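Data block below; observations after.
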Amino acid sequence: MTARAHDAVVIGAGPNGLVAANHLADAGWSVLVLEAQDDVGGAVRSARDVHPEFVHDTFSAFYPLAHASATIRSFDLEEHGLTWRHAPAVLGHPTPDGSWAMLHRDREVTAGLFDRAHAGDGEAWLAMCSQWDRIGDQMIGALLSPFPPVRHGLGALTKLRSVGGLDFVKMMLTPASDLGASRFGGVGPRLVIAGNAGHADIPLNAPGSGLMGVLMSMLGQTVGFPVPEGGAGELTQSLRRRFESLGGEVRCSAEVTRIEVADRRATAVRTRDGERFAAHRAVIADVVAPHLYGGLVAWEDLPARTASGMRSFELDPSTIKVDWALDGPVPWASPPPYDPGTFHVADSVEQMTEALGQLSARTIPAAPFLLAGQMTTTDPTRSPGGTESMWAYTHVPQESVADAGGEIRGVWDRDDCERFADRMQARIERLAPGFGSRVLTRRVLGPRELEQRDSNLIGGAINGGTSQLHQELVFRPVPGLGRAETPIRGLYLGSASAHPGGGVHGGPGMNAARAALTHSRIRRGTFGLFR
Ligand SMILES: Cc1cc2nc3c(=O)[nH]c(=O)nc-3n(C[C@H](O)[C@H](O)[C@H](O)COP(=O)(O)OP(=O)(O)OC[C@H]3O[C@@H](n4cnc5c(N)ncnc54)[C@H](O)[C@@H]3O)c2cc1C
């Protein structure tokens, strides 16, 4: 059966697909979004599937990058039902001695807490914030633009002197494990920076981790770590509503299995149930690179350099995520001075560094570094008053050769997942005795369960490929131009596998849509000239 042709077909309704679709619809294109799952959202979804009275975010939860993204801000999603909520404090890191490293939205409060723990750290924190005030916007703009980021790159260069010139560059290149110690005497700021660096899969003693740590810490300090009221899915639902208000069409339960290529141009897509949708101007793939190249597009339609580039494509590590419905708040042995939305669990920067280093050595950490969220603390609509909707996740190797804890096989069947979830939960129990007795329901999502709910999360990899420097910028996803264009004309890679990578900021989707619009204009202009 052949359906009506559209200007563009977007494969996948993750945040990047929906951002691309909105931008193309804004330009007046007719756009069809095809989504394999039964609802839109990709890794930005929520549901009452852990406990009927609790909303749980299935995957991602906190959105500083979305809030900071000029692209997402430009969509005015508040007019389409989105409301942002903030926890009393952005981030907390409880330590075994009962103290907390805290990031409060008010930088004076953060600085005051750091200073109380170690005199001088407050001033050093405010100095870092004021450097960020001068150069942060340009750096975010440069990171989210297509490569090379000419406008924001030049903007950042002009600000560089005012933030200390090469010393600032050196700071950004310093690994997170050392960066904190080079600027702060106390442990609090070091834990905050290293923990925030741990949101990417870059080892904390490798370059790139410091940049990530400063970026996420300064975002926390300037825009906070906001969440959509009602659940993560409200963010992508608002993108869907906006898109549909512009006349865009979304079809769910429509998995694309083939992109048709004629004369090196993408012309149409085919779905698993045999439907064919023609695309006059562009196909945007919000699809992870290993499923696009050699999957939706056959190897025979691709140049040999793409096949050889993909041979060295590296996934990011796998993930184990645990969701809890709690009948009361987390019973902290030593309560935080302000209730944080996000919290990190690691005894020290050194323990975090060891756990992330073990991933590179394909070893399951004995003391995994946990990223966790108190969602009802952040958004009281998530569960009944006095309860907590909570999650934690951590990374494990894609293929494990050993378990530093000596009991997990690394096959991630139900038994492995539950036993590893026990290990994660024990880390929280140590900080909050009685935590286990508050659990109404627990759900554990291992690599297979994550991938079943979003095929882009291959083996539980959450970022569409490693974020380490060797696969960033012009090396993402394969060495080339670091842009959305693919070797197939009219086909654009708009997923987290493309520069600027994972996180909910819409960068890859926007870059793909802009590239499609530019090429279409050039094509039409050229045809006009020769007509
Ligand atoms: C557990 C977890 C926690 C995270 N935490 C955060 C966080 O707190 N903050 C943050 O900013 N980021 C976080 N991330 C990362 C972030 O969610 C992703 O980087 C982001 O969702 C990537 O968006 P995307 O549109 O590229 O892909 P996805 O969100 O993965 O969406 C891709 C969509 O395409 C669909 N699709 C794929 N192939 C096909 C096909 N052939 N046919 C039709 N449809 C197809 C999929 O079903 C999916 O809906 C997290 C991710 C995970 C998994």
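Starting from 1 in every chain, residues are counted up; chains themselves are A, B, ... following the order of the structure tokens, and ligands are numbered from 1 as listed.
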Q: Find the residues near Leu91 (chain A): any atom within 8 Å, counting only C-alpha atoms, skip ones fewer than 2 places away on the same chain, and give them as a VMD selection string.
A: chain A and resid 89 93 102 to 104 220 340 to 344
**Q.** Shell around region 303-310 of chain A at 9 Å using only C-alpha atoms, local window under 6 positions removed, as number ranges by chain
**A.** A: 289-290, 293-294, 477-479, 487
Would you output that residue set with all heavy atoms, as a PDB file, in the first residue's frame?
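What ended up in out.pdb:
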ATOM      1  N   ALA A 289      23.379   5.066  15.189  1.00  0.00           N
ATOM      2  CA  ALA A 289      24.164   4.822  13.966  1.00  0.00           C
ATOM      3  C   ALA A 289      24.278   3.340  13.571  1.00  0.00           C
ATOM      4  O   ALA A 289      24.104   3.010  12.393  1.00  0.00           O
ATOM      5  CB  ALA A 289      25.551   5.453  14.105  1.00  0.00           C
ATOM      6  N   PRO A 290      24.534   2.398  14.513  1.00  0.00           N
ATOM      7  CA  PRO A 290      24.673   1.002  14.069  1.00  0.00           C
ATOM      8  C   PRO A 290      23.391   0.414  13.479  1.00  0.00           C
ATOM      9  O   PRO A 290      23.448  -0.588  12.777  1.00  0.00           O
ATOM     10  CB  PRO A 290      25.048   0.251  15.366  1.00  0.00           C
ATOM     11  CG  PRO A 290      25.585   1.292  16.282  1.00  0.00           C
ATOM     12  CD  PRO A 290      24.851   2.564  15.941  1.00  0.00           C
ATOM     13  N   TYR A 293      23.320   2.534   9.571  1.00  0.00           N
ATOM     14  CA  TYR A 293      24.294   2.106   8.563  1.00  0.00           C
ATOM     15  C   TYR A 293      24.404   0.579   8.550  1.00  0.00           C
ATOM     16  O   TYR A 293      24.772  -0.031   9.549  1.00  0.00           O
ATOM     17  CB  TYR A 293      25.657   2.738   8.845  1.00  0.00           C
ATOM     18  CG  TYR A 293      25.616   4.246   8.791  1.00  0.00           C
ATOM     19  CD1 TYR A 293      26.037   5.017   9.871  1.00  0.00           C
ATOM     20  CD2 TYR A 293      25.131   4.903   7.661  1.00  0.00           C
ATOM     21  CE1 TYR A 293      25.997   6.407   9.817  1.00  0.00           C
ATOM     22  CE2 TYR A 293      25.081   6.293   7.597  1.00  0.00           C
ATOM     23  CZ  TYR A 293      25.508   7.033   8.684  1.00  0.00           C
ATOM     24  OH  TYR A 293      25.445   8.397   8.617  1.00  0.00           O
ATOM     25  N   GLY A 294      24.059  -0.007   7.448  1.00  0.00           N
ATOM     26  CA  GLY A 294      24.078  -1.470   7.356  1.00  0.00           C
ATOM     27  C   GLY A 294      22.791  -2.087   7.884  1.00  0.00           C
ATOM     28  O   GLY A 294      22.625  -3.299   7.854  1.00  0.00           O
ATOM     29  N   PRO A 477      29.461  10.058  14.079  1.00  0.00           N
ATOM     30  CA  PRO A 477      29.733   8.740  14.660  1.00  0.00           C
ATOM     31  C   PRO A 477      30.954   8.068  14.032  1.00  0.00           C
ATOM     32  O   PRO A 477      31.530   7.169  14.614  1.00  0.00           O
ATOM     33  CB  PRO A 477      28.465   7.952  14.323  1.00  0.00           C
ATOM     34  CG  PRO A 477      27.987   8.542  13.044  1.00  0.00           C
ATOM     35  CD  PRO A 477      28.339   9.996  13.107  1.00  0.00           C
ATOM     36  N   VAL A 478      31.310   8.514  12.797  1.00  0.00           N
ATOM     37  CA  VAL A 478      32.518   7.968  12.159  1.00  0.00           C
ATOM     38  C   VAL A 478      33.343   9.163  11.704  1.00  0.00           C
ATOM     39  O   VAL A 478      32.802  10.252  11.512  1.00  0.00           O
ATOM     40  CB  VAL A 478      32.173   7.084  10.931  1.00  0.00           C
ATOM     41  CG1 VAL A 478      31.484   5.802  11.365  1.00  0.00           C
ATOM     42  CG2 VAL A 478      31.307   7.824   9.927  1.00  0.00           C
ATOM     43  N   PRO A 479      34.660   9.005  11.557  1.00  0.00           N
ATOM     44  CA  PRO A 479      35.463  10.150  11.128  1.00  0.00           C
ATOM     45  C   PRO A 479      34.897  10.766   9.850  1.00  0.00           C
ATOM     46  O   PRO A 479      34.569  10.057   8.893  1.00  0.00           O
ATOM     47  CB  PRO A 479      36.846   9.529  10.896  1.00  0.00           C
ATOM     48  CG  PRO A 479      36.864   8.340  11.793  1.00  0.00           C
ATOM     49  CD  PRO A 479      35.467   7.812  11.815  1.00  0.00           C
ATOM     50  N   PRO A 487      26.377   9.867   3.723  1.00  0.00           N
ATOM     51  CA  PRO A 487      26.811   9.659   2.331  1.00  0.00           C
ATOM     52  C   PRO A 487      25.630   9.569   1.362  1.00  0.00           C
ATOM     53  O   PRO A 487      25.817   9.575   0.150  1.00  0.00           O
ATOM     54  CB  PRO A 487      27.559   8.330   2.393  1.00  0.00           C
ATOM     55  CG  PRO A 487      27.893   8.126   3.822  1.00  0.00           C
ATOM     56  CD  PRO A 487      26.839   8.809   4.617  1.00  0.00           C
TER      57      PRO A 487
END
Q. Skipping near chain neighbours, those fewer than 3 positions away, what residues fall within 12 Å of Asp49 (chain A) using only C-alpha atoms, listed as a list in words?
A. Arg45, Ser46, Pro52, Glu53, Phe54, Val55, His56, Asp57, Thr58, Asp323, Trp324, Ala325, Ser389, Thr441, Arg442 and Arg443 of chain A
For the interface of chain A with ligand 1 (cut-off 6 Å, counting only C-alpha atoms and all ligand atoms), please tabulate each contacting residue of chain A alongside its nearest pair of atoms and their separation in Å to one decimal, rows sorted by chain and increasing number, as a tab-separated table.
residue	atom	partner	partner_atom_place_in_ligand_line	distance
A:Ile11	CA	ligand 1	43 (C)	5.0
A:Gly12	CA	ligand 1	34 (O)	3.2
A:Ala13	CA	ligand 1	33 (C)	4.9
A:Gly14	CA	ligand 1	31 (O)	3.2
A:Pro15	CA	ligand 1	25 (O)	4.1
A:Asn16	CA	ligand 1	25 (O)	3.6
A:Gly17	CA	ligand 1	25 (O)	5.3
A:Leu34	CA	ligand 1	43 (C)	5.3
A:Glu35	CA	ligand 1	44 (N)	3.8
A:Ala36	CA	ligand 1	43 (C)	3.9
A:Gln37	CA	ligand 1	47 (O)	5.0
A:Val40	CA	ligand 1	49 (O)	5.9
A:Gly41	CA	ligand 1	49 (O)	5.4
A:Gly42	CA	ligand 1	49 (O)	3.1
A:Ala43	CA	ligand 1	29 (O)	3.8
A:Val44	CA	ligand 1	21 (O)	5.6
A:Phe59	CA	ligand 1	1 (C)	3.8
A:Ser60	CA	ligand 1	5 (N)	3.3
A:Ala61	CA	ligand 1	8 (O)	4.1
A:Phe62	CA	ligand 1	8 (O)	4.0
A:Tyr63	CA	ligand 1	11 (O)	4.9
A:Leu65	CA	ligand 1	11 (O)	5.7
A:Ala254	CA	ligand 1	43 (C)	5.9
A:Glu255	CA	ligand 1	42 (N)	3.7
A:Val256	CA	ligand 1	42 (N)	3.8
A:Thr257	CA	ligand 1	41 (N)	5.6
A:Asp286	CA	ligand 1	34 (O)	5.3
A:Val287	CA	ligand 1	37 (C)	4.7
A:Asp454	CA	ligand 1	47 (O)	4.5
A:Ser455	CA	ligand 1	37 (C)	5.4
A:Asn456	CA	ligand 1	30 (O)	4.8
A:Ile462	CA	ligand 1	53 (C)	4.2
A:Asn463	CA	ligand 1	19 (O)	4.9
A:Ser495	CA	ligand 1	26 (O)	3.5
A:Ala496	CA	ligand 1	26 (O)	3.9
A:Gly502	CA	ligand 1	19 (O)	3.5
A:Gly503	CA	ligand 1	11 (O)	3.6
A:Val504	CA	ligand 1	11 (O)	3.8
Keeping only N, CA and C atoms, write those residues as an mmCIF file, in the first residue's frame.
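Saved to result.cif:
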data_model
loop_
_atom_site.group_PDB
_atom_site.id
_atom_site.type_symbol
_atom_site.label_atom_id
_atom_site.label_comp_id
_atom_site.auth_asym_id
_atom_site.auth_seq_id
_atom_site.Cartn_x
_atom_site.Cartn_y
_atom_site.Cartn_z
ATOM 1 N N ILE A 11 12.251 9.420 11.107
ATOM 2 C CA ILE A 11 12.175 8.072 11.683
ATOM 3 C C ILE A 11 12.550 8.179 13.156
ATOM 4 N N GLY A 12 11.566 7.968 14.029
ATOM 5 C CA GLY A 12 11.835 8.014 15.466
ATOM 6 C C GLY A 12 11.336 9.293 16.096
ATOM 7 N N ALA A 13 10.537 9.130 17.170
ATOM 8 C CA ALA A 13 9.973 10.298 17.855
ATOM 9 C C ALA A 13 10.611 10.486 19.225
ATOM 10 N N GLY A 14 11.939 10.334 19.287
ATOM 11 C CA GLY A 14 12.669 10.758 20.479
ATOM 12 C C GLY A 14 12.748 12.280 20.469
ATOM 13 N N PRO A 15 13.365 12.855 21.476
ATOM 14 C CA PRO A 15 13.445 14.325 21.501
ATOM 15 C C PRO A 15 14.092 14.885 20.243
ATOM 16 N N ASN A 16 15.125 14.198 19.735
ATOM 17 C CA ASN A 16 15.781 14.733 18.538
ATOM 18 C C ASN A 16 14.886 14.653 17.310
ATOM 19 N N GLY A 17 14.164 13.538 17.157
ATOM 20 C CA GLY A 17 13.245 13.427 16.023
ATOM 21 C C GLY A 17 12.163 14.491 16.103
ATOM 22 N N LEU A 34 7.460 8.726 12.053
ATOM 23 C CA LEU A 34 7.129 7.308 12.256
ATOM 24 C C LEU A 34 7.873 6.799 13.492
ATOM 25 N N GLU A 35 7.132 6.274 14.444
ATOM 26 C CA GLU A 35 7.720 5.831 15.710
ATOM 27 C C GLU A 35 7.420 4.348 15.929
ATOM 28 N N ALA A 36 8.466 3.578 16.276
ATOM 29 C CA ALA A 36 8.297 2.131 16.451
ATOM 30 C C ALA A 36 7.469 1.782 17.690
ATOM 31 N N GLN A 37 7.652 2.538 18.769
ATOM 32 C CA GLN A 37 6.934 2.220 20.014
ATOM 33 C C GLN A 37 5.477 2.686 19.912
ATOM 34 N N VAL A 40 5.112 8.365 21.561
ATOM 35 C CA VAL A 40 6.297 9.159 21.239
ATOM 36 C C VAL A 40 7.152 9.319 22.496
ATOM 37 N N GLY A 41 8.364 9.819 22.320
ATOM 38 C CA GLY A 41 9.181 10.207 23.470
ATOM 39 C C GLY A 41 10.576 9.627 23.502
ATOM 40 N N GLY A 42 10.777 8.447 22.897
ATOM 41 C CA GLY A 42 12.107 7.837 22.962
ATOM 42 C C GLY A 42 12.495 7.646 24.427
ATOM 43 N N ALA A 43 13.685 8.112 24.793
ATOM 44 C CA ALA A 43 14.157 7.960 26.175
ATOM 45 C C ALA A 43 13.680 9.112 27.060
ATOM 46 N N VAL A 44 12.604 9.782 26.637
ATOM 47 C CA VAL A 44 12.002 10.847 27.453
ATOM 48 C C VAL A 44 10.513 10.509 27.602
ATOM 49 N N PHE A 59 13.177 6.489 31.619
ATOM 50 C CA PHE A 59 14.609 6.605 31.310
ATOM 51 C C PHE A 59 15.159 7.903 31.941
ATOM 52 N N SER A 60 15.215 8.975 31.138
ATOM 53 C CA SER A 60 15.824 10.227 31.610
ATOM 54 C C SER A 60 14.865 10.983 32.522
ATOM 55 N N ALA A 61 15.429 11.922 33.309
ATOM 56 C CA ALA A 61 14.585 12.577 34.317
ATOM 57 C C ALA A 61 14.835 14.072 34.476
ATOM 58 N N PHE A 62 16.084 14.502 34.382
ATOM 59 C CA PHE A 62 16.416 15.913 34.655
ATOM 60 C C PHE A 62 16.921 16.569 33.370
ATOM 61 N N TYR A 63 16.505 17.818 33.136
ATOM 62 C CA TYR A 63 16.735 18.403 31.814
ATOM 63 C C TYR A 63 17.413 19.775 31.807
ATOM 64 N N LEU A 65 20.002 20.493 30.109
ATOM 65 C CA LEU A 65 20.432 20.773 28.728
ATOM 66 C C LEU A 65 19.256 21.272 27.897
ATOM 67 N N ALA A 254 4.905 2.093 14.326
ATOM 68 C CA ALA A 254 5.272 2.077 12.897
ATOM 69 C C ALA A 254 6.795 2.021 12.792
ATOM 70 N N GLU A 255 7.326 0.803 12.914
ATOM 71 C CA GLU A 255 8.784 0.650 12.863
ATOM 72 C C GLU A 255 9.277 0.691 11.422
ATOM 73 N N VAL A 256 10.230 1.532 11.144
ATOM 74 C CA VAL A 256 10.818 1.593 9.800
ATOM 75 C C VAL A 256 11.876 0.502 9.690
ATOM 76 N N THR A 257 11.785 -0.277 8.623
ATOM 77 C CA THR A 257 12.744 -1.372 8.457
ATOM 78 C C THR A 257 13.677 -1.149 7.265
ATOM 79 N N ASP A 286 16.245 9.606 13.399
ATOM 80 C CA ASP A 286 16.523 9.687 14.843
ATOM 81 C C ASP A 286 16.814 8.252 15.294
ATOM 82 N N VAL A 287 17.819 7.700 14.663
ATOM 83 C CA VAL A 287 18.124 6.270 14.811
ATOM 84 C C VAL A 287 19.603 6.161 15.169
ATOM 85 N N ASP A 454 13.176 1.022 23.825
ATOM 86 C CA ASP A 454 13.718 2.029 22.900
ATOM 87 C C ASP A 454 14.903 1.373 22.198
ATOM 88 N N SER A 455 14.715 1.015 20.923
ATOM 89 C CA SER A 455 15.758 0.226 20.237
ATOM 90 C C SER A 455 17.057 1.015 20.051
ATOM 91 N N ASN A 456 17.024 2.348 20.265
ATOM 92 C CA ASN A 456 18.279 3.108 20.180
ATOM 93 C C ASN A 456 19.220 2.802 21.339
ATOM 94 N N ILE A 462 23.161 4.474 26.692
ATOM 95 C CA ILE A 462 22.157 5.544 26.747
ATOM 96 C C ILE A 462 22.502 6.764 25.906
ATOM 97 N N ASN A 463 23.705 6.802 25.335
ATOM 98 C CA ASN A 463 24.138 8.043 24.676
ATOM 99 C C ASN A 463 24.373 7.918 23.180
ATOM 100 N N SER A 495 20.114 11.684 15.382
ATOM 101 C CA SER A 495 19.990 11.077 16.725
ATOM 102 C C SER A 495 21.214 11.419 17.554
ATOM 103 N N ALA A 496 21.202 10.933 18.804
ATOM 104 C CA ALA A 496 22.332 11.186 19.700
ATOM 105 C C ALA A 496 23.633 10.585 19.171
ATOM 106 N N GLY A 502 24.687 12.665 23.102
ATOM 107 C CA GLY A 502 23.589 12.357 24.008
ATOM 108 C C GLY A 502 23.181 13.514 24.904
ATOM 109 N N GLY A 503 22.037 13.322 25.549
ATOM 110 C CA GLY A 503 21.455 14.380 26.386
ATOM 111 C C GLY A 503 20.288 15.005 25.646
ATOM 112 N N VAL A 504 19.365 15.565 26.425
ATOM 113 C CA VAL A 504 18.155 16.107 25.811
ATOM 114 C C VAL A 504 18.335 17.605 25.593
#
Q: Would you kindly return, as a ChimeraX atom specification, each protein, DNA or RNA residue with an atom no farther than 6 Å from any atom of region 264-275 of chain A, considering only C-alpha atoms and excluding same-chain residues fewer than 5 positions away?
A: /A:1,255-259,488-491
Now that the selection is made, can you save its residues with C-alpha atoms as a PDB file, in the first residue's frame?
ATOM      1  CA  MET A   1       0.000   0.000   0.000  1.00  0.00           C
ATOM      2  CA  GLU A 255       8.784   0.650  12.863  1.00  0.00           C
ATOM      3  CA  VAL A 256      10.818   1.593   9.800  1.00  0.00           C
ATOM      4  CA  THR A 257      12.744  -1.372   8.457  1.00  0.00           C
ATOM      5  CA  ARG A 258      14.228   0.039   5.232  1.00  0.00           C
ATOM      6  CA  ILE A 259      15.205   3.353   3.682  1.00  0.00           C
ATOM      7  CA  ILE A 488      23.229   9.351   1.024  1.00  0.00           C
ATOM      8  CA  ARG A 489      21.763  12.588  -0.331  1.00  0.00           C
ATOM      9  CA  GLY A 490      18.591  13.631   1.410  1.00  0.00           C
ATOM     10  CA  LEU A 491      19.320  11.376   4.429  1.00  0.00           C
TER      11      LEU A 491
END
Q. Any idea what's packed within 7 Å of Leu173 (chain A), counting only C-alpha atoms, ignoring anything in its chain fewer than 2 positions away? Could you give it as a ChimeraX atom specification?
A. /A:169-171,175,207-208,210-211
**Q.** Top pick for closest residue to Gly373 (chain A), considering A:Ile458, A:Val109, A:Val401, A:Met390 and counting only C-alpha atoms
**A.**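 Comparing A:Ile458, A:Val109, A:Val401, A:Met390 against Gly373 (chain A), the winner is A:Met390.
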Q: Based on DSSP run over this structure's backbone, return all residues of region 118-255 of chain A in strand (DSSP E), as number ranges by chain.
A: A: 227-228, 249-251
Selected residues written out, N, CA, C and O atoms, as a tab-separated table (two decimals), in the first residue's frame:
chain	number	residue	atom	x	y	z
A	227	VAL	N	12.62	19.58	35.88
A	227	VAL	CA	11.86	18.41	35.39
A	227	VAL	C	10.50	18.89	34.90
A	227	VAL	O	9.98	19.89	35.41
A	228	PRO	N	9.91	18.20	33.93
A	228	PRO	CA	8.56	18.58	33.51
A	228	PRO	C	7.53	18.17	34.56
A	228	PRO	O	7.59	17.04	35.06
A	249	GLU	N	2.19	15.15	11.21
A	249	GLU	CA	1.50	13.87	11.45
A	249	GLU	C	2.45	12.90	12.15
A	249	GLU	O	3.61	12.76	11.75
A	250	VAL	N	1.93	12.24	13.19
A	250	VAL	CA	2.73	11.25	13.92
A	250	VAL	C	2.04	9.90	13.82
A	250	VAL	O	0.83	9.82	14.02
A	251	ARG	N	2.78	8.87	13.47
A	251	ARG	CA	2.23	7.50	13.52
A	251	ARG	C	3.09	6.66	14.45
A	251	ARG	O	4.30	6.54	14.23
Q: Considering only C-alpha atoms, return as JSON, numbers by chain whatever protein or nucleic-acid residues lie within 12 Å of Asp416 (chain A), sequence-local ones (same chain, fewer than 3 positions apart) excluded.
A: {"A": [320, 364, 396, 403, 406, 407, 408, 409, 410, 411, 412, 413, 419, 420, 421, 422, 423, 444, 445, 446, 447, 448]}
Requested write-out: C-alpha atoms of the selected residues, as a PDB file, in the first residue's frame:
ATOM      1  CA  ILE A 320      21.056  -0.825  35.048  1.00  0.00           C
ATOM      2  CA  ILE A 364      31.388  -4.773  36.929  1.00  0.00           C
ATOM      3  CA  VAL A 396      28.099  -1.694  33.739  1.00  0.00           C
ATOM      4  CA  ASP A 403      32.689  -8.712  38.618  1.00  0.00           C
ATOM      5  CA  GLY A 406      32.446 -11.486  42.770  1.00  0.00           C
ATOM      6  CA  GLU A 407      28.815 -12.601  42.268  1.00  0.00           C
ATOM      7  CA  ILE A 408      27.303 -11.218  39.039  1.00  0.00           C
ATOM      8  CA  ARG A 409      27.811 -13.208  35.813  1.00  0.00           C
ATOM      9  CA  GLY A 410      27.257 -10.243  33.506  1.00  0.00           C
ATOM     10  CA  VAL A 411      24.606 -11.943  31.373  1.00  0.00           C
ATOM     11  CA  TRP A 412      21.934  -9.573  32.747  1.00  0.00           C
ATOM     12  CA  ASP A 413      19.128 -12.065  33.017  1.00  0.00           C
ATOM     13  CA  ARG A 419      21.183  -9.123  42.448  1.00  0.00           C
ATOM     14  CA  PHE A 420      22.902  -6.064  41.041  1.00  0.00           C
ATOM     15  CA  ALA A 421      19.887  -3.934  42.031  1.00  0.00           C
ATOM     16  CA  ASP A 422      20.361  -5.310  45.570  1.00  0.00           C
ATOM     17  CA  ARG A 423      23.970  -4.066  45.416  1.00  0.00           C
ATOM     18  CA  VAL A 444      14.760  -3.184  37.610  1.00  0.00           C
ATOM     19  CA  LEU A 445      15.477  -2.373  33.965  1.00  0.00           C
ATOM     20  CA  GLY A 446      18.574  -4.091  32.604  1.00  0.00           C
ATOM     21  CA  PRO A 447      20.128  -3.755  29.155  1.00  0.00           C
ATOM     22  CA  ARG A 448      17.494  -5.926  27.476  1.00  0.00           C
TER      23      ARG A 448
END
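Proximity of A:Lys159, A:Leu215, A:Glu472, A:Arg48 to Cys129 (chain A), computed with only C-alpha atoms, is greatest for A:Leu215.
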Q. Could you state the separation of CA of Gly230 (chain A) and CA of Gly506 (chain A) in Å, given to one decimal place?
A.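 Interatomic distance, CA of Gly230 (chain A) to CA of Gly506 (chain A): 20.9 Å.
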